[in-house]
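Colleague: Sharing start20.tsv here; it has TSV, C-alpha atoms.
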chain	number	residue	atom	x	y	z
A	1	MET	CA	60.45	-32.64	-13.52
A	2	ALA	CA	57.63	-34.98	-14.52
A	3	LEU	CA	56.64	-35.06	-10.86
A	4	ALA	CA	56.18	-31.30	-10.86
A	5	SER	CA	54.28	-31.04	-14.13
A	6	PRO	CA	50.68	-29.79	-13.96
A	7	GLU	CA	49.54	-32.92	-15.81
A	8	VAL	CA	50.13	-35.03	-12.70
A	9	ALA	CA	46.70	-35.85	-11.28
A	10	PRO	CA	46.17	-35.39	-7.54
A	11	GLN	CA	46.76	-38.62	-5.71
A	12	ASP	CA	43.77	-40.45	-4.30
A	13	ASP	CA	45.89	-41.77	-1.47
A	14	LYS	CA	46.80	-39.10	1.08
A	15	GLN	CA	50.15	-40.60	2.03
A	16	LEU	CA	51.19	-41.14	-1.58
A	17	TYR	CA	50.38	-37.52	-2.33
A	18	LEU	CA	52.54	-36.36	0.58
A	19	GLU	CA	55.36	-38.56	-0.69
A	20	LEU	CA	54.97	-37.00	-4.13
A	21	ILE	CA	55.35	-33.51	-2.65
A	22	SER	CA	58.40	-34.61	-0.66
A	23	LYS	CA	59.93	-36.06	-3.82
A	24	MET	CA	59.44	-32.74	-5.62
A	25	GLN	CA	61.35	-31.00	-2.85
A	26	GLN	CA	64.18	-33.53	-3.04
A	27	GLN	CA	64.45	-32.63	-6.73
A	28	GLY	CA	64.51	-28.92	-5.88
A	29	ALA	CA	61.04	-28.13	-7.25
A	30	TYR	CA	60.00	-26.06	-4.23
A	31	TYR	CA	57.65	-23.71	-6.05
A	32	ALA	CA	55.79	-26.65	-7.59
A	33	SER	CA	55.62	-28.27	-4.17
A	34	LEU	CA	53.96	-25.12	-2.77
A	35	ALA	CA	51.23	-25.42	-5.40
A	36	HIS	CA	50.69	-29.07	-4.55
A	37	VAL	CA	50.66	-28.28	-0.82
A	38	GLU	CA	47.69	-26.00	-1.43
A	39	ALA	CA	46.01	-28.58	-3.67
A	40	TYR	CA	46.48	-31.22	-0.96
A	41	ARG	CA	45.12	-28.89	1.71
A	42	GLN	CA	41.98	-28.21	-0.33
A	43	ARG	CA	41.44	-31.91	-0.98
A	44	TYR	CA	42.35	-33.46	2.37
A	45	GLY	CA	42.73	-30.66	4.90
A	46	ASP	CA	45.79	-29.72	6.94
A	47	SER	CA	48.19	-31.92	8.91
A	48	PRO	CA	51.53	-31.49	10.73
A	49	GLN	CA	53.34	-33.40	7.99
A	50	LEU	CA	51.90	-31.13	5.31
A	51	ARG	CA	52.76	-28.02	7.33
A	52	LEU	CA	56.37	-29.18	7.60
A	53	LEU	CA	56.60	-29.61	3.83
A	54	ASN	CA	55.01	-26.17	3.50
A	55	ALA	CA	57.56	-24.63	5.88
A	56	ASP	CA	60.51	-26.26	4.09
A	57	ALA	CA	59.28	-24.92	0.75
A	58	LEU	CA	58.77	-21.44	2.19
A	59	ARG	CA	62.31	-21.50	3.58
A	60	GLU	CA	63.85	-22.57	0.30
A	61	THR	CA	61.90	-20.02	-1.75
A	62	GLY	CA	63.07	-17.13	0.41
A	63	GLN	CA	59.81	-16.59	2.34
A	64	ARG	CA	61.62	-16.39	5.64
A	65	GLU	CA	59.00	-14.87	7.95
A	66	ALA	CA	56.27	-17.25	6.80
A	67	ALA	CA	58.63	-20.18	7.26
A	68	LEU	CA	59.53	-19.05	10.79
A	69	THR	CA	55.88	-18.78	11.73
A	70	MET	CA	55.03	-22.21	10.37
A	71	TYR	CA	58.04	-23.91	11.93
A	72	GLY	CA	57.20	-22.22	15.22
A	73	SER	CA	53.72	-23.79	15.14
A	74	LEU	CA	55.28	-27.26	14.85
A	75	THR	CA	57.85	-27.20	17.68
A	76	SER	CA	55.68	-29.09	20.17
A	77	GLY	CA	54.10	-31.73	17.91
A	78	PRO	CA	55.15	-34.86	16.01
A	79	GLN	CA	57.24	-32.79	13.58
A	80	ALA	CA	59.07	-30.94	16.38
A	81	ALA	CA	62.59	-32.19	15.58
A	82	ALA	CA	62.30	-31.25	11.91
A	83	ALA	CA	60.79	-27.88	12.85
A	84	TRP	CA	63.71	-27.07	15.17
A	85	HIS	CA	66.08	-28.15	12.43
A	86	GLY	CA	64.41	-25.76	9.99
A	87	LEU	CA	64.59	-22.93	12.52
A	88	GLY	CA	68.27	-23.69	13.01
A	89	LEU	CA	69.00	-23.47	9.30
A	90	ILE	CA	67.25	-20.11	9.07
A	91	ALA	CA	69.19	-18.80	12.07
A	92	ALA	CA	72.44	-20.00	10.50
A	93	ARG	CA	71.59	-18.21	7.28
A	94	ASP	CA	70.90	-15.08	9.32
A	95	GLY	CA	74.36	-15.34	10.85
A	96	ASP	CA	72.85	-15.87	14.32
A	97	ALA	CA	75.25	-18.53	15.62
A	98	ALA	CA	73.75	-18.72	19.12
A	99	ARG	CA	70.20	-19.29	17.91
A	100	ALA	CA	71.34	-21.76	15.25
A	101	GLU	CA	73.18	-23.73	17.94
A	102	GLN	CA	70.14	-23.77	20.23
A	103	ALA	CA	67.67	-24.87	17.57
A	104	LEU	CA	69.91	-27.51	15.98
A	105	ALA	CA	70.84	-28.90	19.41
A	106	LYS	CA	67.14	-29.20	20.19
A	107	ALA	CA	66.58	-31.12	16.94
A	108	VAL	CA	69.42	-33.51	17.88
A	109	GLN	CA	68.03	-33.89	21.40
A	110	LEU	CA	64.68	-34.97	19.95
A	111	GLN	CA	66.20	-37.26	17.30
A	112	PRO	CA	69.67	-38.29	18.51
A	113	LEU	CA	70.18	-40.83	15.70
A	114	ASN	CA	69.46	-38.42	12.85
A	115	THR	CA	72.86	-38.06	11.17
A	116	GLY	CA	71.64	-35.09	9.14
A	117	TYR	CA	70.80	-33.12	12.27
A	118	LEU	CA	74.07	-34.18	13.91
A	119	GLY	CA	76.04	-33.04	10.89
A	120	ASP	CA	74.28	-29.69	10.76
A	121	LEU	CA	74.88	-29.08	14.47
A	122	GLY	CA	78.53	-29.98	14.13
A	123	PHE	CA	78.99	-27.78	11.09
A	124	ALA	CA	77.23	-24.87	12.77
A	125	ARG	CA	79.76	-25.16	15.60
A	126	LEU	CA	82.64	-25.31	13.12
A	127	ARG	CA	81.31	-22.22	11.40
A	128	ALA	CA	81.06	-20.42	14.74
A	129	GLY	CA	84.69	-21.30	15.52
A	130	ASP	CA	83.73	-23.77	18.28
A	131	TRP	CA	85.91	-26.53	16.85
A	132	THR	CA	86.21	-28.48	20.11
A	133	ARG	CA	82.47	-28.93	20.63
A	134	ALA	CA	81.95	-29.68	16.93
A	135	GLN	CA	83.80	-32.96	17.33
A	136	GLU	CA	81.08	-34.88	19.17
A	137	PRO	CA	78.16	-34.51	16.73
A	138	LEU	CA	80.43	-34.93	13.70
A	139	ALA	CA	82.04	-38.06	15.15
A	140	LYS	CA	78.62	-39.48	16.00
A	141	ALA	CA	77.38	-38.87	12.46
A	142	ALA	CA	80.44	-40.57	10.98
A	143	GLU	CA	80.12	-43.61	13.24
A	144	LEU	CA	76.37	-43.93	12.78
A	145	SER	CA	76.78	-43.71	9.00
A	146	PRO	CA	80.30	-45.01	8.26
A	147	GLY	CA	79.63	-45.30	4.53
A	148	SER	CA	78.51	-41.70	4.17
A	149	ALA	CA	80.82	-39.53	2.08
A	150	LYS	CA	79.25	-36.45	3.66
A	151	ALA	CA	79.81	-37.56	7.25
A	152	ASN	CA	83.42	-38.49	6.61
A	153	ALA	CA	84.08	-35.29	4.68
A	154	ASN	CA	82.73	-33.19	7.55
A	155	LEU	CA	84.93	-35.09	9.96
A	156	ALA	CA	87.91	-34.48	7.68
A	157	VAL	CA	87.15	-30.75	7.70
A	158	TRP	CA	87.19	-30.84	11.50
A	159	ALA	CA	90.58	-32.61	11.50
A	160	LEU	CA	92.07	-30.07	9.10
A	161	LEU	CA	90.87	-27.21	11.26
A	162	ARG	CA	92.49	-28.88	14.28
A	163	GLY	CA	95.78	-29.19	12.38
A	164	GLN	CA	95.54	-33.00	12.16
A	165	ASN	CA	96.32	-33.24	8.45
A	166	ASP	CA	97.45	-36.87	8.47
A	167	MET	CA	94.23	-37.90	10.18
A	168	ALA	CA	92.18	-35.97	7.64
A	169	ASP	CA	94.01	-37.70	4.79
A	170	THR	CA	93.34	-41.09	6.39
A	171	ILE	CA	89.65	-40.38	6.78
A	172	MET	CA	89.26	-39.22	3.19
A	173	ARG	CA	91.27	-42.15	1.87
A	174	ASN	CA	89.26	-44.70	3.88
A	175	ALA	CA	86.03	-43.07	2.72
A	176	ARG	CA	87.30	-43.28	-0.87
A	177	LEU	CA	86.63	-39.64	-1.58
A	178	THR	CA	87.58	-38.63	-5.10
A	179	ASP	CA	90.42	-36.21	-5.71
A	180	SER	CA	87.94	-33.43	-6.46
A	181	ALA	CA	85.98	-34.18	-3.29
A	182	GLN	CA	89.18	-34.07	-1.22
A	183	ALA	CA	90.10	-30.75	-2.81
A	184	GLU	CA	86.65	-29.44	-1.87
A	185	VAL	CA	87.12	-30.56	1.74
A	186	ARG	CA	90.40	-28.63	1.91
A	187	ARG	CA	88.81	-25.57	0.29
A	188	LEU	CA	86.01	-25.66	2.82
A	189	ALA	CA	88.45	-25.91	5.72
A	190	ASP	CA	90.34	-22.92	4.34
A	191	GLN	CA	87.11	-20.93	4.15
A	192	LEU	CA	86.19	-21.79	7.72
A	193	ARG	CA	89.58	-20.55	8.94
A	194	GLN	CA	88.68	-17.09	7.70
A	195	PRO	CA	86.77	-14.72	10.01
A	196	ALA	CA	83.06	-14.86	9.23
A	197	ALA	CA	81.67	-11.70	7.66
A	198	PRO	CA	78.67	-10.24	9.51
A	199	ALA	CA	75.37	-11.16	7.92
A	200	PRO	CA	73.59	-8.20	6.26
A	201	SER	CA	70.45	-6.95	7.98
A	202	VAL	CA	70.05	-9.94	10.30
A	203	GLN	CA	66.46	-10.48	11.33
A	204	ARG	CA	65.53	-12.32	14.46
A	205	ALA	CA	63.04	-15.11	14.95
A	206	PRO	CA	59.85	-14.31	16.85
A	207	ALA	CA	60.33	-14.09	20.61
A	208	SER	CA	58.05	-17.07	21.17
A	209	VAL	CA	60.35	-19.19	19.06
A	210	ALA	CA	63.52	-17.85	20.66
A	211	THR	CA	62.41	-18.45	24.23
A	212	ALA	CA	61.20	-21.95	23.43
A	213	ALA	CA	64.63	-23.05	22.19
A	214	ALA	CA	66.36	-25.43	24.56
A	215	ALA	CA	70.00	-24.83	25.40
A	216	PRO	CA	72.38	-27.27	23.71
A	217	GLY	CA	73.35	-30.28	25.75
A	218	SER	CA	76.72	-30.55	27.40
A	219	GLY	CA	79.34	-32.03	25.13
A	220	ALA	CA	79.79	-35.68	26.01
A	221	THR	CA	83.03	-37.39	25.10
A	222	PRO	CA	82.72	-38.90	21.62
A	223	ALA	CA	83.08	-42.60	21.09
A	224	PRO	CA	86.73	-43.69	21.22
A	225	ARG	CA	86.89	-44.83	17.60
A	226	ALA	CA	85.80	-41.41	16.35
A	227	ALA	CA	87.67	-39.31	18.91
A	228	GLY	CA	90.71	-38.97	16.72
A	229	ARG	CA	88.96	-38.87	13.38
A	230	PRO	CA	88.31	-35.65	11.37
A	231	ALA	CA	85.00	-33.78	10.59
A	232	GLN	CA	82.32	-33.88	7.84
A	233	ARG	CA	80.40	-31.50	5.54
A	234	ARG	CA	76.64	-31.50	5.80
A	235	VAL	CA	74.41	-31.19	2.76
A	236	ALA	CA	71.07	-30.09	1.50
A	237	ILE	CA	69.54	-33.54	1.29
A	238	ASP	CA	69.83	-35.47	4.53
A	239	THR	CA	69.88	-39.00	3.16
A	240	ASP	CA	72.97	-40.22	1.32
A	241	HIS	CA	72.57	-43.29	-0.88
A	242	ARG	CA	75.84	-42.85	-2.76
A	243	THR	CA	78.23	-45.80	-2.70
A	244	ARG	CA	81.66	-45.42	-1.24
A	245	ALA	CA	83.14	-46.07	-4.67
A	246	ASP	CA	81.47	-42.91	-5.96
A	247	ALA	CA	82.06	-40.66	-2.97
A	248	ARG	CA	81.19	-37.31	-4.52
A	249	LEU	CA	80.10	-34.53	-2.21
A	250	ALA	CA	76.84	-32.66	-2.20
A	251	PRO	CA	76.80	-28.84	-1.74
A	252	SER	CA	78.73	-27.67	1.28
A	253	MET	CA	77.16	-26.43	4.46
A	254	LEU	CA	78.52	-22.98	3.73
A	255	GLU	CA	76.16	-22.98	0.77
A	256	ARG	CA	73.39	-24.58	2.82
A	257	PHE	CA	73.76	-22.02	5.60
A	258	SER	CA	74.16	-19.01	3.32
A	259	THR	CA	71.23	-16.89	2.20
A	260	PRO	CA	69.94	-18.83	-0.79
A	261	THR	CA	68.88	-17.58	-4.15
A	262	PRO	CA	65.17	-18.44	-4.22
A	263	ALA	CA	64.70	-21.91	-5.61
A	264	SER	CA	63.62	-22.34	-9.19
A	265	GLU	CA	62.03	-25.28	-10.91
A	266	THR	CA	65.36	-26.04	-12.57
A	267	THR	CA	67.21	-26.28	-9.27
A	268	PRO	CA	69.17	-29.56	-9.35
Take the structure from the file and write it as structure tokens.
Modeller:
Amino acid sequence: MALASPEVAPQDDKQLYLELISKMQQQGAYYASLAHVEAYRQRYGDSPQLRLLNADALRETGQREAALTMYGSLTSGPQAAAAWHGLGLIAARDGDAARAEQALAKAVQLQPLNTGYLGDLGFARLRAGDWTRAQEPLAKAAELSPGSAKANANLAVWALLRGQNDMADTIMRNARLTDSAQAEVRRLADQLRQPAAPAPSVQRAPASVATAAAAPGSGATPAPRAAGRPAQRRVAIDTDHRTRADARLAPSMLERFSTPTPASETTP
């Protein structure tokens, strides 16, 4: 929380200041990051990178319409992949499976090696009941990041949903998931087997955003090594620096995709 305290002097270096704001958001201090976004804008002016941080903070503090507008302004620039990803998360929270699929697929198309985007796309497909097409992005994420507890957990969820319990056990064992993490994977699979409840008062993204979304790409056959391996659980923070020996899981995608309680400065 020291990063979010008002005693922190504005950074003289523009990039360092942006990194400071990003660090606040990684810690969950989204309201503080909004204040620093405005301070940065007054000191240095606007930029696509700052607008993306602004949009992420608006999304996580429940300011949905403002977040949609700001993400929509970034879909054709250098932050396009992240903007489509943000739009996909909002659509998923709205319960709009088709729009979430389109936006997340566009993010993956723009950044095909981003395991966070791949995991979110795969989980969105799992959540929509499209278990077959969820395999490819989840398998890619697991192979691109073989040491990631999150990627392997998502793949294990996919295997459980497909009835491949032995395969799921093998994936979780090889990834050295703790007993509690394995129990969470099974709980998540059980939840995803249940029919999804309709989202209350679903609101749609602006038409300009909806029409700009590219249709998801055709499902290519996943790499052979991952074709038989089970599916992962995506998380709030895209990067995973945990060691395999301490393979605890971050919050599930059901939590990530659900309508959040507005972030507070004590959010972990």
Colleague: Kindly give the distance, in Å, that separates atom CA of Pro146 of chain A and atom CA of Ala128 of chain A, rounded to a single decimal.
Modeller: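 Taking atom CA of Pro146 of chain A as the start and atom CA of Ala128 of chain A as the end point, the length is 25.4 Å.
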Colleague: Which is closest to Gly119 of chain A among A:Arg43, A:His36, A:Arg162, A:His85, if we use all atoms listed in the file?
Modeller: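 Looking at the shortest contact to Gly119 of chain A, the residue is A:His85.
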Colleague: In Å, how far is it from atom CA of Ala139 of chain A to atom CA of Thr75 of chain A?
Modeller: 26.6 Å
Colleague: Excluding same-chain residues fewer than 6 positions from Pro137 of chain A, what lies within 9 Å of it counting all atoms listed in the file, as a list in words?
Modeller: Val108, Thr115, Tyr117, Leu118, Gly119, Asp120, Leu121, Gly122, Phe123, Gly219 and Pro222 of chain A
Colleague: Taking a cut-off of 12 Å and counting all atoms listed in the file, can you build a table that, for each residue of segment 76-149 of chain A near segment 164-174 of chain A, reports the nearest atom pair and how far apart they are in Å (one decimal), sorted by chain then residue number, as a Markdown table?
Modeller:
| residue | atom | partner | partner_atom | distance |
| --- | --- | --- | --- | --- |
| A:Ala139 | CA | A:Ile171 | CA | 11.5 |
| A:Ala142 | CA | A:Ile171 | CA | 10.1 |
| A:Glu143 | CA | A:Ile171 | CA | 12.0 |
| A:Pro146 | CA | A:Asn174 | CA | 10.0 |
| A:Gly147 | CA | A:Asn174 | CA | 9.7 |
| A:Ser148 | CA | A:Met172 | CA | 11.1 |
| A:Ala149 | CA | A:Met172 | CA | 8.5 |
Colleague: Can you tell me how far atom CA of Ile21 of chain A sits from atom CA of Ala83 of chain A, in Å to one decimal?
Modeller: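 Those two atoms sit 17.4 Å apart.
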Colleague: Could you check which of A:Lys150, A:Arg51, A:Ala35, A:Glu60 is closest to Arg176 of chain A, using only C-alpha atoms?
Modeller: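 Closest to Arg176 of chain A, using only C-alpha atoms: A:Lys150.
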Colleague: Tell me which of A:Gln194, A:Asn114, A:Gln109, A:Thr132 sits closest to Ala151 of chain A, counting all atoms listed in the file.
Modeller: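 Nearest candidate to Ala151 of chain A out of A:Gln194, A:Asn114, A:Gln109, A:Thr132: A:Asn114.
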Colleague: Between A:Asp190, A:Gly86, A:Gln182, A:Leu161, single out the one closest to Ala107 of chain A, counting all atoms listed in the file.
Modeller: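 Nearest to Ala107 of chain A: A:Gly86.
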Colleague: Could the centre and edge lengths of an axis-aligned box, enclosing all atoms of segment 16-28 of chain A in the file with 3 Å extra on each side, be given in Å to one decimal as JSON?
Modeller:
{"center_x": 57.4, "center_y": -35.0, "center_z": -3.1, "size_x": 20.1, "size_y": 18.2, "size_z": 13.3}
Colleague: Using all atoms listed in the file, can you tell me which of A:Tyr17, A:Phe257, A:Trp84, A:Tyr30 comes closest to Arg127 of chain A?
Modeller: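 Among the listed residues, A:Phe257 lies closest to Arg127 of chain A.
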Colleague: Which residue out of A:Leu18, A:Leu138, A:Leu160, A:Ala97 has the minimum interatomic distance to Tyr44 of chain A when only C-alpha atoms are used?
Modeller: A:Leu18
Colleague: Need to verify the contact set: Ala134 of chain A, 6 Å, all atoms listed in the file, exclusion of same-chain residues closer than 3 positions in sequence. Can you return it as a PyMOL selection string?
Modeller: chain A and resi 122+125-126+131
